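Dumped upload_13.pdb below, it's PDB, C-alpha atoms:
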```pdb
ATOM      1  CA  MET A  30      37.771  -3.962 -66.989
ATOM      2  CA  ALA A  31      36.478  -0.412 -66.512
ATOM      3  CA  ASP A  32      37.477   0.328 -70.110
ATOM      4  CA  ASP A  33      35.613  -2.762 -71.314
ATOM      5  CA  LEU A  34      32.520  -1.530 -69.466
ATOM      6  CA  GLY A  35      32.907   2.069 -70.624
ATOM      7  CA  LEU A  36      33.060   3.253 -67.015
ATOM      8  CA  LYS A  37      35.334   5.592 -65.077
ATOM      9  CA  LEU A  38      37.477   3.751 -62.548
ATOM     10  CA  SER A  39      37.376   5.037 -58.973
ATOM     11  CA  ILE A  40      39.936   3.559 -56.569
ATOM     12  CA  LEU A  41      39.212   3.460 -52.831
ATOM     13  CA  GLU A  42      42.235   3.366 -50.541
ATOM     14  CA  THR A  43      41.605   0.965 -47.674
ATOM     15  CA  THR A  44      43.079  -2.061 -45.890
ATOM     16  CA  TRP A  45      42.469  -5.797 -46.044
ATOM     17  CA  GLY A  46      41.056  -5.560 -42.536
ATOM     18  CA  ASN A  47      38.373  -3.149 -43.775
ATOM     19  CA  SER A  48      37.803  -4.749 -47.180
ATOM     20  CA  VAL A  49      34.727  -6.748 -46.216
ATOM     21  CA  LEU A  50      33.160  -3.801 -44.386
ATOM     22  CA  ASP A  51      33.756  -1.538 -47.399
ATOM     23  CA  LEU A  52      31.957  -3.999 -49.670
ATOM     24  CA  GLN A  53      29.070  -4.430 -47.237
ATOM     25  CA  ALA A  54      28.735  -0.654 -46.809
ATOM     26  CA  ASP A  55      28.593  -0.177 -50.607
ATOM     27  CA  LYS A  56      31.819   1.839 -50.578
ATOM     28  CA  SER A  57      33.268  -0.423 -53.262
ATOM     29  CA  ASP A  58      31.781  -2.669 -55.946
ATOM     30  CA  VAL A  59      34.638  -5.150 -56.126
ATOM     31  CA  PHE A  60      37.811  -5.734 -54.130
ATOM     32  CA  PHE A  61      40.665  -7.392 -55.993
ATOM     33  CA  GLY A  62      43.403  -9.118 -54.044
ATOM     34  CA  LEU A  63      41.294 -10.950 -51.473
ATOM     35  CA  ASN A  64      41.889 -14.500 -50.348
ATOM     36  CA  PRO A  65      38.595 -16.373 -49.785
ATOM     37  CA  THR A  66      39.139 -17.260 -46.149
ATOM     38  CA  PRO A  67      36.344 -19.253 -44.435
ATOM     39  CA  GLU A  68      35.374 -16.223 -42.324
ATOM     40  CA  ARG A  69      35.105 -13.946 -45.370
ATOM     41  CA  GLN A  70      33.103 -16.539 -47.282
ATOM     42  CA  LYS A  71      30.451 -16.363 -44.583
ATOM     43  CA  VAL A  72      29.590 -12.753 -45.449
ATOM     44  CA  ILE A  73      30.747 -11.920 -48.996
ATOM     45  CA  ASP A  74      31.014 -13.685 -52.354
ATOM     46  CA  PHE A  75      34.137 -14.387 -54.396
ATOM     47  CA  SER A  76      35.254 -14.828 -57.967
ATOM     48  CA  GLY A  77      37.427 -17.690 -59.062
ATOM     49  CA  PRO A  78      41.204 -17.227 -58.762
ATOM     50  CA  VAL A  79      42.715 -14.142 -60.419
ATOM     51  CA  PHE A  80      46.258 -15.460 -59.929
ATOM     52  CA  LYS A  81      48.144 -17.970 -57.809
ATOM     53  CA  ASN A  82      50.147 -17.050 -54.753
ATOM     54  CA  SER A  83      51.663 -18.602 -51.644
ATOM     55  CA  PHE A  84      52.298 -17.506 -48.079
ATOM     56  CA  THR A  85      55.868 -16.490 -47.299
ATOM     57  CA  LEU A  86      57.771 -14.866 -44.468
ATOM     58  CA  ILE A  87      60.259 -12.017 -44.573
ATOM     59  CA  ALA A  88      62.550 -12.962 -41.709
ATOM     60  CA  LYS A  89      65.488 -11.312 -39.966
ATOM     61  CA  LYS A  90      68.790 -12.676 -41.261
ATOM     62  CA  SER A  91      69.431 -14.261 -37.859
ATOM     63  CA  VAL A  92      66.333 -16.454 -38.196
ATOM     64  CA  THR A  93      67.209 -19.988 -39.305
ATOM     65  CA  ALA A  94      63.690 -21.464 -39.381
ATOM     66  CA  LYS A  95      62.619 -22.918 -42.724
ATOM     67  CA  THR A  96      59.471 -24.883 -41.870
ATOM     68  CA  TRP A  97      56.142 -23.881 -40.364
ATOM     69  CA  ASP A  98      56.883 -26.202 -37.433
ATOM     70  CA  GLU A  99      60.089 -24.278 -36.732
ATOM     71  CA  PHE A 100      58.249 -20.955 -36.869
ATOM     72  CA  ASN A 101      55.567 -22.382 -34.573
ATOM     73  CA  SER A 102      57.582 -21.620 -31.460
ATOM     74  CA  PRO A 103      56.787 -19.492 -28.385
ATOM     75  CA  GLU A 104      60.111 -17.698 -28.907
ATOM     76  CA  MET A 105      59.221 -16.678 -32.482
ATOM     77  CA  ARG A 106      57.658 -13.233 -32.983
ATOM     78  CA  ILE A 107      55.619 -12.996 -36.196
ATOM     79  CA  GLY A 108      53.813  -9.874 -37.402
ATOM     80  CA  VAL A 109      50.653  -9.754 -39.518
ATOM     81  CA  ASP A 110      48.158  -7.131 -40.614
ATOM     82  CA  ALA A 111      45.047  -7.847 -38.575
ATOM     83  CA  GLY A 112      42.138  -9.512 -40.352
ATOM     84  CA  SER A 113      44.138 -10.402 -43.452
ATOM     85  CA  SER A 114      44.821 -13.768 -45.049
ATOM     86  CA  HIS A 115      48.331 -13.397 -43.576
ATOM     87  CA  ASP A 116      46.727 -13.299 -40.133
ATOM     88  CA  ALA A 117      44.715 -16.439 -40.922
ATOM     89  CA  ALA A 118      47.770 -18.279 -42.293
ATOM     90  CA  VAL A 119      49.983 -17.590 -39.283
ATOM     91  CA  THR A 120      47.146 -18.393 -36.886
ATOM     92  CA  ARG A 121      46.703 -21.695 -38.714
ATOM     93  CA  HIS A 122      50.366 -22.679 -39.051
ATOM     94  CA  ALA A 123      52.075 -21.074 -36.057
ATOM     95  CA  PRO A 124      49.538 -20.689 -33.224
ATOM     96  CA  ASN A 125      52.277 -21.099 -30.604
ATOM     97  CA  ALA A 126      54.286 -18.151 -31.908
ATOM     98  CA  GLN A 127      53.963 -14.641 -30.505
ATOM     99  CA  ILE A 128      51.659 -13.113 -33.134
ATOM    100  CA  SER A 129      51.619  -9.305 -33.373
ATOM    101  CA  ARG A 130      48.449  -8.153 -35.131
ATOM    102  CA  LEU A 131      48.893  -4.583 -36.380
ATOM    103  CA  LYS A 132      46.613  -2.323 -38.395
ATOM    104  CA  THR A 133      48.402  -2.384 -41.765
ATOM    105  CA  ALA A 134      51.141  -4.327 -43.525
ATOM    106  CA  SER A 135      53.259  -1.154 -43.442
ATOM    107  CA  ASP A 136      52.969  -1.106 -39.655
ATOM    108  CA  VAL A 137      54.210  -4.699 -39.566
ATOM    109  CA  THR A 138      57.150  -3.852 -41.845
ATOM    110  CA  ALA A 139      58.078  -0.972 -39.523
ATOM    111  CA  ALA A 140      57.995  -3.375 -36.572
ATOM    112  CA  LEU A 141      60.306  -5.766 -38.458
ATOM    113  CA  GLN A 142      62.738  -2.952 -39.237
ATOM    114  CA  ALA A 143      62.694  -1.859 -35.596
ATOM    115  CA  GLY A 144      63.433  -5.392 -34.382
ATOM    116  CA  ARG A 145      60.142  -5.763 -32.506
ATOM    117  CA  ILE A 146      59.279  -8.907 -34.485
ATOM    118  CA  ASP A 147      61.342 -11.656 -36.112
ATOM    119  CA  ALA A 148      59.323 -12.139 -39.281
ATOM    120  CA  GLN A 149      56.462 -10.692 -41.316
ATOM    121  CA  CYS A 150      53.988 -12.900 -43.160
ATOM    122  CA  LEU A 151      53.110 -11.748 -46.681
ATOM    123  CA  VAL A 152      51.891 -13.470 -49.797
ATOM    124  CA  MET A 153      54.693 -13.998 -52.285
ATOM    125  CA  VAL A 154      53.809 -11.126 -54.629
ATOM    126  CA  LEU A 155      53.921  -8.623 -51.770
ATOM    127  CA  ALA A 156      57.023 -10.162 -50.221
ATOM    128  CA  LEU A 157      58.946  -9.951 -53.499
ATOM    129  CA  THR A 158      57.855  -6.326 -53.875
ATOM    130  CA  LEU A 159      58.972  -5.450 -50.346
ATOM    131  CA  ARG A 160      62.395  -7.055 -50.791
ATOM    132  CA  ALA A 161      62.888  -5.359 -54.167
ATOM    133  CA  LYS A 162      62.336  -1.998 -52.490
ATOM    134  CA  ASN A 163      64.468  -2.837 -49.455
ATOM    135  CA  PRO A 164      66.707  -5.917 -49.836
ATOM    136  CA  ALA A 165      68.099  -5.376 -46.336
ATOM    137  CA  ILE A 166      64.673  -5.870 -44.737
ATOM    138  CA  GLY A 167      65.294  -9.611 -44.373
ATOM    139  CA  GLU A 168      65.364 -12.957 -46.132
ATOM    140  CA  LEU A 169      62.460 -14.383 -48.108
ATOM    141  CA  VAL A 170      61.423 -17.725 -46.633
ATOM    142  CA  ILE A 171      58.797 -19.996 -48.174
ATOM    143  CA  PRO A 172      58.002 -22.193 -45.167
ATOM    144  CA  THR A 173      57.386 -25.851 -45.844
ATOM    145  CA  PRO A 174      55.021 -27.440 -46.389
ATOM    146  CA  VAL A 175      54.245 -24.663 -48.877
ATOM    147  CA  ASP A 176      50.805 -23.115 -48.345
ATOM    148  CA  PHE A 177      49.609 -22.288 -51.833
ATOM    149  CA  THR A 178      46.787 -19.782 -52.030
ATOM    150  CA  THR A 179      45.002 -17.617 -54.569
ATOM    151  CA  SER A 180      44.187 -13.972 -55.043
ATOM    152  CA  ASN A 181      40.510 -13.474 -55.820
ATOM    153  CA  ALA A 182      37.967 -10.704 -56.199
ATOM    154  CA  GLY A 183      35.432 -10.104 -53.444
ATOM    155  CA  PHE A 184      31.858  -8.858 -53.862
ATOM    156  CA  ARG A 185      29.036  -7.580 -51.710
ATOM    157  CA  ARG A 186      26.570 -10.444 -51.181
ATOM    158  CA  GLU A 187      23.481  -9.692 -53.248
ATOM    159  CA  GLU A 188      20.527 -11.671 -54.528
ATOM    160  CA  ASP A 189      21.282 -10.487 -58.064
ATOM    161  CA  GLN A 190      24.497 -12.276 -59.029
ATOM    162  CA  SER A 191      24.882 -10.702 -62.491
ATOM    163  CA  TRP A 192      27.751  -8.368 -61.459
ATOM    164  CA  ARG A 193      29.762 -11.139 -59.816
ATOM    165  CA  GLN A 194      29.123 -13.425 -62.793
ATOM    166  CA  PHE A 195      30.290 -10.748 -65.247
ATOM    167  CA  VAL A 196      33.536 -10.123 -63.347
ATOM    168  CA  ASP A 197      34.136 -13.836 -62.883
ATOM    169  CA  HIS A 198      33.742 -14.392 -66.627
ATOM    170  CA  TRP A 199      36.035 -11.418 -67.351
ATOM    171  CA  ILE A 200      38.704 -12.857 -65.049
ATOM    172  CA  SER A 201      38.489 -16.324 -66.600
ATOM    173  CA  GLU A 202      38.720 -14.916 -70.126
ATOM    174  CA  HIS A 203      41.717 -12.735 -69.323
ATOM    175  CA  ARG A 204      43.513 -15.462 -67.401
ATOM    176  CA  ASP A 205      43.186 -17.730 -70.431
ATOM    177  CA  ASN A 206      44.422 -15.126 -72.921
ATOM    178  CA  GLY A 207      47.422 -14.208 -70.756
ATOM    179  CA  PHE A 208      46.355 -10.612 -70.063
ATOM    180  CA  ILE A 209      46.282 -10.977 -66.274
ATOM    181  CA  LYS A 210      49.708 -12.633 -66.068
ATOM    182  CA  SER A 211      51.271 -10.028 -68.352
ATOM    183  CA  ALA A 212      49.642  -7.216 -66.345
ATOM    184  CA  ILE A 213      51.059  -8.626 -63.113
ATOM    185  CA  ILE A 214      54.535  -8.996 -64.610
ATOM    186  CA  ARG A 215      54.416  -5.429 -65.993
ATOM    187  CA  ASN A 216      53.353  -3.969 -62.684
ATOM    188  CA  MET A 217      55.866  -6.014 -60.681
ATOM    189  CA  ALA A 218      58.602  -4.754 -63.005
ATOM    190  CA  LEU A 219      57.776  -1.203 -61.906
ATOM    191  CA  VAL A 220      59.096  -2.067 -58.433
ATOM    192  CA  GLY A 221      62.055  -4.081 -59.646
ATOM    193  CA  VAL A 222      60.554  -7.579 -59.560
ATOM    194  CA  THR A 223      61.027  -9.628 -62.728
ATOM    195  CA  GLU A 224      59.426 -12.924 -63.680
ATOM    196  CA  SER A 225      62.740 -14.619 -62.913
ATOM    197  CA  SER A 226      62.438 -13.392 -59.303
ATOM    198  CA  PHE A 227      59.703 -15.949 -58.686
ATOM    199  CA  PRO A 228      60.896 -19.312 -57.322
ATOM    200  CA  ALA A 229      61.529 -22.000 -59.937
ATOM    201  CA  GLY A 230      58.384 -23.934 -60.750
ATOM    202  CA  PHE A 231      56.012 -21.311 -59.361
ATOM    203  CA  GLU A 232      53.398 -20.356 -61.935
ATOM    204  CA  ILE A 233      51.453 -17.105 -61.494
TER     205      ILE A 233
END
```
Can I see the file as structure tokens?
Amino acid sequence: MADDLGLKLSILETTWGNSVLDLQADKSDVFFGLNPTPERQKVIDFSGPVFKNSFTLIAKKSVTAKTWDEFNSPEMRIGVDAGSSHDAAVTRHAPNAQISRLKTASDVTAALQAGRIDAQCLVMVLALTLRAKNPAIGELVIPTPVDFTTSNAGFRREEDQSWRQFVDHWISEHRDNGFIKSAIIRNMALVGVTESSFPAGFEI
């Protein structure tokens, strides 16, 4: 997109928990990879879907739960990165579980490895990436009923909507021509995730 605009891309390293604040503080112009949760929609604007996703759990091999109801237990310890869509999903589906809200997803992964939690909630793309890097981290569980979600772009709320409209049009065009899907597949391949790694019937 930067190439199409003739601009130099500058990438800001941050967290999902700080994503909204970064947009509001004018530290970033657009944040890709945001789920339009109701709380976020109150303060920032969103594009249409960039790609489809779903909420999953990376669980210790001893965990037998397969449904959200089974994870929604006071004995279950689930880790999330605070303020993320993962946080919102677990709060929605498993409010009775012991929810550990840590600063970053990496912190949650460390807690899973150390045995301080039983499962980590991640959207499918991130879960597949984590397991490709470290298959021993745990089993990928897609709790039922499946909670399908989307990855969108977030924008600072402004009266002038021309920037958001441009990006939204760019996303729609490149979804339709297959560029976004192929870009995701190429980048996932860099960490050992192939298109066949996605569950049968799941369309990016």
- [ ] Counting only C-alpha atoms, write as a PyMOL selection string all protein and nucleic acid residues lying at most 12 Å from (74.4, -6.5, -45.1) in the file's frame.
- [x] chain A and resi 89-91+163-168
3 Å per side around region 222-226 of chain A: axis-aligned box centre and edge lengths, as JSON:
```
{"center_x": 61.1, "center_y": -11.1, "center_z": -61.5, "size_x": 9.3, "size_y": 13.0, "size_z": 10.4}
```
_Once the PyMOL selection byres ((chain A and resi 175) around 10) is applied to the coordinates I shared, what remains selected? I want it as number ranges by chain._
A: 83-85, 96-97, 171-174, 176-178
Hey, what's within 7 Å of region 128-143 of chain A if we count all atoms listed in the file and toss same-chain stuff fewer than 3 positions away? As a PDB file with C-alpha atoms, keeping the file's coordinate frame, please?
```pdb
ATOM      1  CA  THR A  44      43.079  -2.061 -45.890  1.00  0.00           C
ATOM      2  CA  ARG A 106      57.658 -13.233 -32.983  1.00  0.00           C
ATOM      3  CA  ILE A 107      55.619 -12.996 -36.196  1.00  0.00           C
ATOM      4  CA  GLY A 108      53.813  -9.874 -37.402  1.00  0.00           C
ATOM      5  CA  VAL A 109      50.653  -9.754 -39.518  1.00  0.00           C
ATOM      6  CA  ASP A 110      48.158  -7.131 -40.614  1.00  0.00           C
ATOM      7  CA  ALA A 111      45.047  -7.847 -38.575  1.00  0.00           C
ATOM      8  CA  ILE A 146      59.279  -8.907 -34.485  1.00  0.00           C
ATOM      9  CA  ASP A 147      61.342 -11.656 -36.112  1.00  0.00           C
ATOM     10  CA  ALA A 148      59.323 -12.139 -39.281  1.00  0.00           C
ATOM     11  CA  GLN A 149      56.462 -10.692 -41.316  1.00  0.00           C
ATOM     12  CA  ILE A 166      64.673  -5.870 -44.737  1.00  0.00           C
TER      13      ILE A 166
END
```
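You will find CA of Leu151 (chain A) at 6.0 Å from CA of Leu86 (chain A).
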* Might you pull out every residue within 12 Å of His203 (chain A), with all atoms listed in the file counted and same-chain residues fewer than 6 positions away left off, and present them as a PyMOL selection string? => chain A and resi 30+33+78-80+196-197+209-213
Using only C-alpha atoms, the residue out of A:Ala126, A:Val59, A:Lys81, A:Arg160 with shortest distance to Gly221 (chain A) is A:Arg160
field: Å distance separating CA of Pro67 (chain A) from CA of Leu50 (chain A), one decimal place
entry: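 Going from CA of Pro67 (chain A) over to CA of Leu50 (chain A) covers 15.8 Å.
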CA of Lys162 (chain A) to CA of Pro228 (chain A) measures 18.0 Å
Next on the checklist: Assuming the chain letters and numbering stay as they are in my file, what does the PyMOL selection byres ((chain A and resi 179-195) around 12) actually select? List them as a ChimeraX atom specification.
Outcome noted: /A:30,33-34,45,48-66,69-84,114,152-155,176-178,196-202,209,213,232-233
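When all atoms listed in the file are used to compute distances to Val222 (chain A), the closest of the residues A:Leu169, A:Ala161, A:Ala31, A:Leu38 turns out to be A:Ala161.
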Restore N, CA and C atoms in region 31-44 of chain A and list the result as a PDB file, keeping the file's coordinate frame.
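So part12.pdb came out as:
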```pdb
ATOM      1  N   ALA A  31      37.271  -1.642 -66.429  1.00  0.00           N
ATOM      2  CA  ALA A  31      36.478  -0.412 -66.512  1.00  0.00           C
ATOM      3  C   ALA A  31      36.379   0.059 -67.958  1.00  0.00           C
ATOM      4  N   ASP A  32      37.488  -0.055 -68.696  1.00  0.00           N
ATOM      5  CA  ASP A  32      37.477   0.328 -70.110  1.00  0.00           C
ATOM      6  C   ASP A  32      36.505  -0.547 -70.895  1.00  0.00           C
ATOM      7  N   ASP A  33      36.521  -1.833 -70.624  1.00  0.00           N
ATOM      8  CA  ASP A  33      35.613  -2.762 -71.314  1.00  0.00           C
ATOM      9  C   ASP A  33      34.147  -2.412 -71.045  1.00  0.00           C
ATOM     10  N   LEU A  34      33.884  -1.893 -69.847  1.00  0.00           N
ATOM     11  CA  LEU A  34      32.520  -1.530 -69.466  1.00  0.00           C
ATOM     12  C   LEU A  34      32.159  -0.107 -69.868  1.00  0.00           C
ATOM     13  N   GLY A  35      33.157   0.675 -70.294  1.00  0.00           N
ATOM     14  CA  GLY A  35      32.907   2.069 -70.624  1.00  0.00           C
ATOM     15  C   GLY A  35      32.638   2.917 -69.399  1.00  0.00           C
ATOM     16  N   LEU A  36      33.285   2.551 -68.280  1.00  0.00           N
ATOM     17  CA  LEU A  36      33.060   3.253 -67.015  1.00  0.00           C
ATOM     18  C   LEU A  36      34.343   3.917 -66.527  1.00  0.00           C
ATOM     19  N   LYS A  37      34.194   4.937 -65.695  1.00  0.00           N
ATOM     20  CA  LYS A  37      35.334   5.592 -65.077  1.00  0.00           C
ATOM     21  C   LYS A  37      35.720   4.827 -63.817  1.00  0.00           C
ATOM     22  N   LEU A  38      36.999   4.488 -63.708  1.00  0.00           N
ATOM     23  CA  LEU A  38      37.477   3.751 -62.548  1.00  0.00           C
ATOM     24  C   LEU A  38      37.685   4.684 -61.366  1.00  0.00           C
ATOM     25  N   SER A  39      37.159   4.300 -60.218  1.00  0.00           N
ATOM     26  CA  SER A  39      37.376   5.037 -58.973  1.00  0.00           C
ATOM     27  C   SER A  39      38.011   4.085 -57.974  1.00  0.00           C
ATOM     28  N   ILE A  40      39.189   4.442 -57.473  1.00  0.00           N
ATOM     29  CA  ILE A  40      39.936   3.559 -56.569  1.00  0.00           C
ATOM     30  C   ILE A  40      39.791   4.050 -55.136  1.00  0.00           C
ATOM     31  N   LEU A  41      39.366   3.156 -54.250  1.00  0.00           N
ATOM     32  CA  LEU A  41      39.212   3.460 -52.831  1.00  0.00           C
ATOM     33  C   LEU A  41      40.421   2.936 -52.074  1.00  0.00           C
ATOM     34  N   GLU A  42      41.100   3.803 -51.359  1.00  0.00           N
ATOM     35  CA  GLU A  42      42.235   3.366 -50.541  1.00  0.00           C
ATOM     36  C   GLU A  42      41.719   2.830 -49.218  1.00  0.00           C
ATOM     37  N   THR A  43      42.089   1.593 -48.894  1.00  0.00           N
ATOM     38  CA  THR A  43      41.605   0.965 -47.674  1.00  0.00           C
ATOM     39  C   THR A  43      42.615  -0.092 -47.233  1.00  0.00           C
ATOM     40  N   THR A  44      42.205  -0.985 -46.364  1.00  0.00           N
ATOM     41  CA  THR A  44      43.079  -2.061 -45.890  1.00  0.00           C
ATOM     42  C   THR A  44      42.342  -3.381 -46.047  1.00  0.00           C
TER      43      THR A  44
END
```
